[in-house]
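> Contents of input-v2.cif (mmCIF, C-alpha atoms; chains and numbers go by the auth columns) are given next:
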data_query
#
loop_
_atom_site.group_PDB
_atom_site.id
_atom_site.type_symbol
_atom_site.label_atom_id
_atom_site.label_comp_id
_atom_site.label_asym_id
_atom_site.label_seq_id
_atom_site.Cartn_x
_atom_site.Cartn_y
_atom_site.Cartn_z
_atom_site.B_iso_or_equiv
_atom_site.auth_seq_id
_atom_site.auth_asym_id
ATOM 1 C CA SER A 1 111.059 125.458 69.156 0.00 16 F
ATOM 2 C CA LEU A 2 107.739 123.957 68.103 0.00 17 F
ATOM 3 C CA PRO A 3 107.128 123.240 64.429 0.00 18 F
ATOM 4 C CA THR A 4 104.494 125.440 62.823 0.00 19 F
ATOM 5 C CA ASP A 5 103.269 122.678 60.531 0.00 20 F
ATOM 6 C CA PRO A 6 101.477 119.887 62.454 0.00 21 F
ATOM 7 C CA LEU A 7 102.485 117.363 59.794 0.00 22 F
ATOM 8 C CA LEU A 8 106.145 117.949 60.648 0.00 23 F
ATOM 9 C CA ALA A 9 105.633 117.025 64.293 0.00 24 F
ATOM 10 C CA GLY A 10 107.152 113.579 64.710 0.00 25 F
ATOM 11 C CA SER A 11 108.250 111.214 67.441 0.00 26 F
ATOM 12 C CA ASP A 12 111.836 112.496 67.264 0.00 27 F
ATOM 13 C CA LEU A 13 110.840 115.763 68.942 0.00 28 F
ATOM 14 C CA PRO A 14 111.778 115.910 72.636 0.00 29 F
ATOM 15 C CA TYR A 15 108.248 116.484 73.960 0.00 30 F
ATOM 16 C CA PHE A 16 106.973 113.326 72.205 0.00 31 F
ATOM 17 C CA SER A 17 109.282 110.982 74.121 0.00 32 F
ATOM 18 C CA ASP A 18 108.045 107.423 74.625 0.00 33 F
ATOM 19 C CA ASP A 19 109.465 107.315 78.137 0.00 34 F
ATOM 20 C CA PRO A 20 107.007 109.070 80.510 0.00 35 F
ATOM 21 C CA TYR A 21 109.664 109.237 83.243 0.00 36 F
ATOM 22 C CA ASP A 22 112.271 110.864 81.009 0.00 37 F
ATOM 23 C CA SER A 23 113.523 113.936 82.868 0.00 38 F
ATOM 24 C CA ASP A 24 114.549 115.689 79.633 0.00 39 F
ATOM 25 C CA VAL A 25 110.990 115.769 78.267 0.00 40 F
ATOM 26 C CA ASP A 26 109.798 119.329 77.645 0.00 41 F
ATOM 27 C CA THR A 27 106.205 120.413 77.759 0.00 42 F
ATOM 28 C CA LEU A 28 104.441 122.133 74.906 0.00 43 F
ATOM 29 C CA ASP A 29 104.423 125.449 76.747 0.00 44 F
ATOM 30 C CA GLY A 30 108.217 125.384 77.129 0.00 45 F
ATOM 31 C CA THR A 31 108.237 125.796 80.905 0.00 46 F
ATOM 32 C CA GLY A 32 109.885 122.440 81.512 0.00 47 F
ATOM 33 C CA ASP A 33 107.238 121.597 84.123 0.00 48 F
ATOM 34 C CA GLN A 34 106.691 117.859 84.085 0.00 49 F
ATOM 35 C CA GLY A 35 103.265 117.966 85.711 0.00 50 F
ATOM 36 C CA TRP A 36 102.372 114.768 87.538 0.00 51 F
ATOM 37 C CA PHE A 37 105.647 113.086 86.531 0.00 52 F
ATOM 38 C CA THR A 38 107.469 115.011 89.252 0.00 53 F
ATOM 39 C CA HIS A 39 107.532 113.854 92.841 0.00 54 F
ATOM 40 C CA GLN A 40 105.272 116.710 93.963 0.00 55 F
ATOM 41 C CA GLY A 41 102.788 115.978 91.172 0.00 56 F
ATOM 42 C CA CYS A 42 102.708 112.283 92.033 0.00 57 F
ATOM 43 C CA VAL A 43 102.165 112.995 95.730 0.00 58 F
ATOM 44 C CA ARG A 44 99.369 115.428 94.843 0.00 59 F
ATOM 45 C CA ARG A 45 97.631 112.806 92.685 0.00 60 F
ATOM 46 C CA VAL A 46 97.885 110.205 95.443 0.00 61 F
ATOM 47 C CA LEU A 47 96.469 112.640 98.005 0.00 62 F
ATOM 48 C CA GLU A 48 93.612 113.663 95.677 0.00 63 F
ATOM 49 C CA THR A 49 92.748 110.014 95.021 0.00 64 F
ATOM 50 C CA PHE A 50 92.882 109.225 98.730 0.00 65 F
ATOM 51 C CA GLY A 51 90.650 112.213 99.487 0.00 66 F
ATOM 52 C CA LEU A 52 88.098 111.139 96.878 0.00 67 F
ATOM 53 C CA LEU A 53 88.029 107.572 98.183 0.00 68 F
ATOM 54 C CA LEU A 54 87.758 108.748 101.789 0.00 69 F
ATOM 55 C CA SER A 55 84.890 111.120 100.982 0.00 70 F
ATOM 56 C CA ALA A 56 83.078 108.393 99.000 0.00 71 F
ATOM 57 C CA PHE A 57 83.497 106.031 101.960 0.00 72 F
ATOM 58 C CA ALA A 58 82.162 108.661 104.379 0.00 73 F
ATOM 59 C CA VAL A 59 79.142 109.365 102.189 0.00 74 F
ATOM 60 C CA ALA A 60 78.464 105.631 101.851 0.00 75 F
ATOM 61 C CA CYS A 61 78.538 105.227 105.618 0.00 76 F
ATOM 62 C CA LEU A 62 76.407 108.284 106.396 0.00 77 F
ATOM 63 C CA VAL A 63 73.685 107.989 103.744 0.00 78 F
ATOM 64 C CA PRO A 64 70.797 105.757 104.855 0.00 79 F
ATOM 65 C CA GLY A 65 70.313 104.085 101.474 0.00 80 F
ATOM 66 C CA VAL A 66 70.892 104.234 97.773 0.00 81 F
ATOM 67 C CA VAL A 67 67.473 105.825 97.247 0.00 82 F
ATOM 68 C CA ALA A 68 68.711 108.996 98.949 0.00 83 F
ATOM 69 C CA VAL A 69 71.741 109.172 96.664 0.00 84 F
ATOM 70 C CA TRP A 70 69.652 108.649 93.534 0.00 85 F
ATOM 71 C CA THR A 71 67.130 111.249 94.682 0.00 86 F
ATOM 72 C CA ILE A 72 69.726 113.961 95.176 0.00 87 F
ATOM 73 C CA MET A 73 71.657 113.043 92.034 0.00 88 F
ATOM 74 C CA GLY A 74 68.473 112.910 89.993 0.00 89 F
ATOM 75 C CA SER A 75 67.250 116.284 91.178 0.00 90 F
ATOM 76 C CA THR A 76 70.550 117.976 90.387 0.00 91 F
ATOM 77 C CA LEU A 77 72.020 116.150 87.418 0.00 92 F
ATOM 78 C CA ALA A 78 68.817 115.695 85.412 0.00 93 F
ATOM 79 C CA PHE A 79 68.285 119.441 85.118 0.00 94 F
ATOM 80 C CA LEU A 80 71.993 120.085 84.679 0.00 95 F
ATOM 81 C CA ILE A 81 72.450 117.688 81.764 0.00 96 F
ATOM 82 C CA SER A 82 69.085 118.347 80.138 0.00 97 F
ATOM 83 C CA PHE A 83 68.699 122.111 80.412 0.00 98 F
ATOM 84 C CA ILE A 84 71.433 124.068 82.174 0.00 99 F
ATOM 85 C CA LEU A 85 74.507 122.916 80.260 0.00 100 F
ATOM 86 C CA PRO A 86 73.008 123.027 76.736 0.00 101 F
ATOM 87 C CA THR A 87 71.466 126.468 77.197 0.00 102 F
ATOM 88 C CA SER A 88 74.587 127.910 78.815 0.00 103 F
ATOM 89 C CA TRP A 89 76.736 126.527 75.970 0.00 104 F
ATOM 90 C CA TYR A 90 74.333 127.977 73.401 0.00 105 F
ATOM 91 C CA LEU A 91 74.414 131.372 75.090 0.00 106 F
ATOM 92 C CA ARG A 92 78.195 131.235 75.305 0.00 107 F
ATOM 93 C CA LEU A 93 78.516 130.425 71.614 0.00 108 F
ATOM 94 C CA ARG A 94 76.113 133.247 70.716 0.00 109 F
ATOM 95 C CA ARG A 95 77.403 135.863 73.168 0.00 110 F
ATOM 96 C CA HIS A 96 78.733 138.124 70.382 0.00 111 F
ATOM 97 C CA LYS A 97 75.512 138.002 68.363 0.00 112 F
ATOM 98 C CA ALA A 98 72.630 140.412 68.728 0.00 113 F
ATOM 99 C CA MET A 99 69.814 139.575 71.138 0.00 114 F
ATOM 100 C CA ASN A 100 66.995 137.671 69.433 0.00 115 F
ATOM 101 C CA ILE A 101 64.032 135.554 70.504 0.00 116 F
ATOM 102 C CA ARG A 102 66.112 132.363 70.705 0.00 117 F
ATOM 103 C CA LYS A 103 68.572 133.957 73.109 0.00 118 F
ATOM 104 C CA VAL A 104 65.733 135.329 75.227 0.00 119 F
ATOM 105 C CA ILE A 105 64.064 131.920 75.424 0.00 120 F
ATOM 106 C CA SER A 106 67.404 130.262 76.193 0.00 121 F
ATOM 107 C CA LEU A 107 68.105 132.753 78.951 0.00 122 F
ATOM 108 C CA PHE A 108 64.631 132.207 80.424 0.00 123 F
ATOM 109 C CA LEU A 109 65.127 128.422 80.239 0.00 124 F
ATOM 110 C CA LEU A 110 68.520 128.736 81.936 0.00 125 F
ATOM 111 C CA VAL A 111 67.153 130.797 84.821 0.00 126 F
ATOM 112 C CA PHE A 112 64.005 128.682 85.203 0.00 127 F
ATOM 113 C CA SER A 113 65.893 125.363 85.149 0.00 128 F
ATOM 114 C CA THR A 114 68.448 126.677 87.641 0.00 129 F
ATOM 115 C CA LEU A 115 65.636 127.664 90.013 0.00 130 F
ATOM 116 C CA CYS A 116 63.996 124.255 89.515 0.00 131 F
ATOM 117 C CA THR A 117 67.305 122.532 90.256 0.00 132 F
ATOM 118 C CA VAL A 118 67.705 124.432 93.508 0.00 133 F
ATOM 119 C CA GLY A 119 64.083 123.776 94.497 0.00 134 F
ATOM 120 C CA CYS A 120 64.158 120.067 93.667 0.00 135 F
ATOM 121 C CA THR A 121 67.478 119.542 95.428 0.00 136 F
ATOM 122 C CA TYR A 122 66.160 121.353 98.490 0.00 137 F
ATOM 123 C CA ALA A 123 63.020 119.194 98.470 0.00 138 F
ATOM 124 C CA ALA A 124 65.113 116.040 98.080 0.00 139 F
ATOM 125 C CA ILE A 125 67.291 117.011 101.047 0.00 140 F
ATOM 126 C CA LEU A 126 64.225 117.766 103.183 0.00 141 F
ATOM 127 C CA ASN A 127 62.751 114.338 102.375 0.00 142 F
ATOM 128 C CA LEU A 128 65.896 112.386 103.259 0.00 143 F
ATOM 129 C CA SER A 129 64.537 111.681 106.738 0.00 144 F
ATOM 130 C CA ASN A 130 61.352 110.083 105.353 0.00 145 F
ATOM 131 C CA PRO A 131 61.592 106.333 104.729 0.00 146 F
ATOM 132 C CA SER A 132 61.609 105.367 101.068 0.00 147 F
ATOM 133 C CA CYS A 133 59.363 102.379 101.731 0.00 148 F
ATOM 134 C CA PRO A 134 57.077 103.024 104.727 0.00 149 F
ATOM 135 C CA LEU A 135 56.270 100.112 107.005 0.00 150 F
ATOM 136 C CA GLY A 136 52.800 98.678 106.751 0.00 151 F
ATOM 137 C CA VAL A 137 52.312 99.692 103.134 0.00 152 F
ATOM 138 C CA ARG A 138 52.215 96.736 100.792 0.00 153 F
ATOM 139 C CA PRO A 139 52.784 97.097 97.061 0.00 154 F
ATOM 140 C CA CYS A 140 49.930 96.058 94.793 0.00 155 F
#
Could you take the file, read its structure, and then write that structure out as C-alpha coordinates?


Amino acid sequence: SLPTDPLLAGSDLPYFSDDPYDSDVDTLDGTGDQGWFTHQGCVRRVLETFGLLLSAFAVACLVPGVVAVWTIMGSTLAFLISFILPTSWYLRLRRHKAMNIRKVISLFLLVFSTLCTVGCTYAAILNLSNPSCPLGVRPC
(Lines of atoms letter the chains of each structure in order from A and count residues from 1; the text may use other names and numbers.)
(Lines give C-alpha, C1' and ligand atoms only; values in the text may rest on other atoms or scores of the structure.)
Protein backbone atom coordinates (compact mmCIF):
# COMPACT_ATOMS: atom_id res chain seq x y z
CA SER A 1 0.00 0.00 0.00
CA LEU A 2 1.14 3.55 -0.69
CA PRO A 3 1.81 5.87 2.24
CA THR A 4 -0.65 8.73 2.56
CA ASP A 5 1.97 11.13 3.87
CA PRO A 6 4.54 12.07 1.18
CA LEU A 7 7.18 12.66 3.86
CA LEU A 8 6.98 8.99 4.84
CA ALA A 9 7.83 7.82 1.33
CA GLY A 10 11.41 6.61 1.47
CA SER A 11 13.87 4.59 -0.56
CA ASP A 12 12.98 1.40 1.33
CA LEU A 13 9.62 1.19 -0.44
CA PRO A 14 9.55 -1.37 -3.26
CA TYR A 15 8.60 1.06 -6.04
CA PHE A 16 11.61 3.29 -5.25
CA SER A 17 14.18 0.58 -6.00
CA ASP A 18 17.58 1.77 -7.22
CA ASP A 19 17.82 -1.11 -9.67
CA PRO A 20 15.80 -0.22 -12.81
CA TYR A 21 15.91 -3.85 -13.99
CA ASP A 22 14.58 -5.25 -10.72
CA SER A 23 11.65 -7.50 -11.61
CA ASP A 24 10.03 -7.06 -8.18
CA VAL A 25 9.58 -3.30 -8.62
CA ASP A 26 5.92 -2.29 -8.43
CA THR A 27 4.45 0.72 -10.13
CA LEU A 28 2.57 3.44 -8.33
CA ASP A 29 -0.74 2.29 -9.79
CA GLY A 30 -0.27 -1.21 -8.37
CA THR A 31 -0.70 -3.03 -11.68
CA GLY A 32 2.81 -4.46 -11.64
CA ASP A 33 3.35 -3.27 -15.22
CA GLN A 34 7.01 -2.42 -15.64
CA GLY A 35 6.53 -0.18 -18.66
CA TRP A 36 9.60 0.05 -20.87
CA PHE A 37 11.63 -2.21 -18.55
CA THR A 38 9.90 -5.26 -20.00
CA HIS A 39 11.04 -6.88 -23.21
CA GLN A 40 7.95 -5.68 -25.10
CA GLY A 41 8.43 -2.12 -23.82
CA CYS A 42 12.09 -2.11 -24.82
CA VAL A 43 11.30 -3.43 -28.30
CA ARG A 44 8.59 -0.78 -28.68
CA ARG A 45 11.02 2.00 -27.72
CA VAL A 46 13.62 0.73 -30.18
CA LEU A 47 11.03 0.55 -32.97
CA GLU A 48 9.72 4.06 -32.18
CA THR A 49 13.26 5.46 -32.20
CA PHE A 50 14.04 3.69 -35.47
CA GLY A 51 10.83 5.02 -37.01
CA LEU A 52 11.63 8.58 -35.94
CA LEU A 53 15.17 8.36 -37.32
CA LEU A 54 13.95 6.81 -40.57
CA SER A 55 11.29 9.49 -41.06
CA ALA A 56 13.82 12.26 -40.29
CA PHE A 57 16.19 10.73 -42.85
CA ALA A 58 13.42 10.53 -45.46
CA VAL A 59 12.41 14.14 -44.89
CA ALA A 60 16.05 15.24 -45.10
CA CYS A 61 16.44 13.46 -48.42
CA LEU A 62 13.17 14.68 -49.93
CA VAL A 63 13.19 18.34 -48.87
CA PRO A 64 15.09 20.57 -51.31
CA GLY A 65 16.72 22.73 -48.63
CA VAL A 66 16.65 23.94 -45.08
CA VAL A 67 14.70 27.04 -46.12
CA ALA A 68 11.67 24.86 -46.88
CA VAL A 69 11.84 23.25 -43.44
CA TRP A 70 12.15 26.60 -41.67
CA THR A 71 9.29 28.04 -43.71
CA ILE A 72 6.87 25.27 -42.80
CA MET A 73 8.00 25.12 -39.18
CA GLY A 74 7.80 28.89 -38.85
CA SER A 75 4.31 29.10 -40.28
CA THR A 76 2.99 26.41 -37.96
CA LEU A 77 4.97 26.67 -34.76
CA ALA A 78 5.09 30.47 -34.49
CA PHE A 79 1.31 30.73 -34.27
CA LEU A 80 1.07 27.61 -32.13
CA ILE A 81 3.52 28.79 -29.47
CA SER A 82 2.51 32.45 -29.56
CA PHE A 83 -1.27 32.31 -29.77
CA ILE A 84 -2.93 28.90 -29.96
CA LEU A 85 -1.45 27.20 -26.90
CA PRO A 86 -1.70 30.15 -24.48
CA THR A 87 -5.29 30.98 -25.41
CA SER A 88 -6.40 27.34 -25.32
CA TRP A 89 -4.78 26.91 -21.88
CA TYR A 90 -6.47 30.09 -20.64
CA LEU A 91 -9.84 28.91 -21.91
CA ARG A 92 -9.30 25.50 -20.36
CA LEU A 93 -8.44 27.02 -16.99
CA ARG A 94 -11.50 29.29 -17.16
CA ARG A 95 -13.97 26.77 -18.58
CA HIS A 96 -16.07 26.69 -15.38
CA LYS A 97 -16.28 30.47 -15.09
CA ALA A 98 -18.99 32.62 -16.62
CA MET A 99 -18.47 34.04 -20.10
CA ASN A 100 -16.87 37.50 -20.01
CA ILE A 101 -15.09 39.80 -22.44
CA ARG A 102 -11.69 38.17 -21.83
CA LYS A 103 -13.03 34.74 -22.73
CA VAL A 104 -14.71 36.12 -25.84
CA ILE A 105 -11.50 37.81 -26.98
CA SER A 106 -9.49 34.67 -26.20
CA LEU A 107 -11.91 32.53 -28.18
CA PHE A 108 -11.75 34.95 -31.12
CA LEU A 109 -7.93 34.95 -30.93
CA LEU A 110 -7.89 31.15 -30.84
CA VAL A 111 -10.10 30.81 -33.92
CA PHE A 112 -8.33 33.60 -35.83
CA SER A 113 -4.83 32.27 -35.09
CA THR A 114 -5.88 28.74 -36.04
CA LEU A 115 -7.17 30.01 -39.38
CA CYS A 116 -3.95 32.00 -39.89
CA THR A 117 -1.89 28.90 -39.10
CA VAL A 118 -3.75 26.86 -41.69
CA GLY A 119 -3.49 29.64 -44.28
CA CYS A 120 0.21 30.31 -43.71
CA THR A 121 1.08 26.62 -43.76
CA TYR A 122 -0.88 26.18 -46.98
CA ALA A 123 0.93 29.15 -48.54
CA ALA A 124 4.29 27.78 -47.39
CA ILE A 125 3.54 24.39 -48.95
CA LEU A 126 2.45 26.02 -52.22
CA ASN A 127 5.71 28.01 -52.38
CA LEU A 128 7.98 25.01 -51.81
CA SER A 129 8.52 24.65 -55.55
CA ASN A 130 9.77 28.25 -55.89
CA PRO A 131 13.53 28.67 -55.43
CA SER A 132 14.51 30.46 -52.24
CA CYS A 133 17.24 32.40 -54.03
CA PRO A 134 16.34 32.95 -57.71
CA LEU A 135 19.13 32.87 -60.25
CA GLY A 136 20.19 36.17 -61.72
CA VAL A 137 19.14 38.19 -58.69
CA ARG A 138 22.08 39.65 -56.82
CA PRO A 139 21.81 40.85 -53.24
CA CYS A 140 22.54 44.52 -52.61

> Rank F:Ile116, F:Leu100, F:Leu122, F:Ile87 by their smallest atom-to-atom distance to Gly134 (chain F), using only C-alpha atoms, and report the top residue only.

F:Ile87

> Can you measure CA of Ile120 (chain F) to CA of Ala138 (chain F) for me? One decimal in Å is fine.

26.3 Å

> Nearest to Ser128 (chain F) among F:Ala93, F:Leu106, F:Leu143, F:Val81, with distances taken over all atoms listed in the file: which residue is it?

F:Ala93

> Pick out the closest residue to Ile96 (chain F) from this set: F:Phe65, F:Thr132, F:Arg109, F:Arg117. Count all atoms listed in the file.

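The closest residue to Ile96 (chain F) is F:Thr132.
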
> Considering only C-alpha atoms, state which residue in the set F:Asn142, F:Asn115, F:Thr91, F:Ser97 is at the smallest distance from Leu130 (chain F).

F:Thr91

> When the PyMOL selection byres ((chain F and resi 121) around 10) is applied to the structure above, which residues does it catch, written out as a tab-separated table (two decimals) with C-alpha atoms, keeping the file's coordinate frame?


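Writing done, so here's part_10.tsv:
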chain	number	residue	atom	x	y	z
F	98	PHE	CA	68.70	122.11	80.41
F	99	ILE	CA	71.43	124.07	82.17
F	101	PRO	CA	73.01	123.03	76.74
F	102	THR	CA	71.47	126.47	77.20
F	103	SER	CA	74.59	127.91	78.82
F	105	TYR	CA	74.33	127.98	73.40
F	106	LEU	CA	74.41	131.37	75.09
F	116	ILE	CA	64.03	135.55	70.50
F	117	ARG	CA	66.11	132.36	70.70
F	118	LYS	CA	68.57	133.96	73.11
F	119	VAL	CA	65.73	135.33	75.23
F	120	ILE	CA	64.06	131.92	75.42
F	122	LEU	CA	68.10	132.75	78.95
F	123	PHE	CA	64.63	132.21	80.42
F	124	LEU	CA	65.13	128.42	80.24
F	125	LEU	CA	68.52	128.74	81.94
F	126	VAL	CA	67.15	130.80	84.82
F	127	PHE	CA	64.00	128.68	85.20

> CA of Thr86 (chain F) and CA of Gly66 (chain F), how far apart in Å?

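Interatomic distance here is 24.0 Å.
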
> Calculate how many Å separate CA of Ile140 (chain F) from CA of Ala83 (chain F), rounding to one decimal.

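CA of Ile140 (chain F) sits 8.4 Å away from CA of Ala83 (chain F).
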
> Name the closest residue to Tyr137 (chain F) among the candidates F:Gly56, F:Met88, F:Glu63, F:Ala75; distances are taken between atoms, counting only C-alpha atoms.

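Of the candidates, the smallest distance to Tyr137 (chain F) is held by F:Met88.
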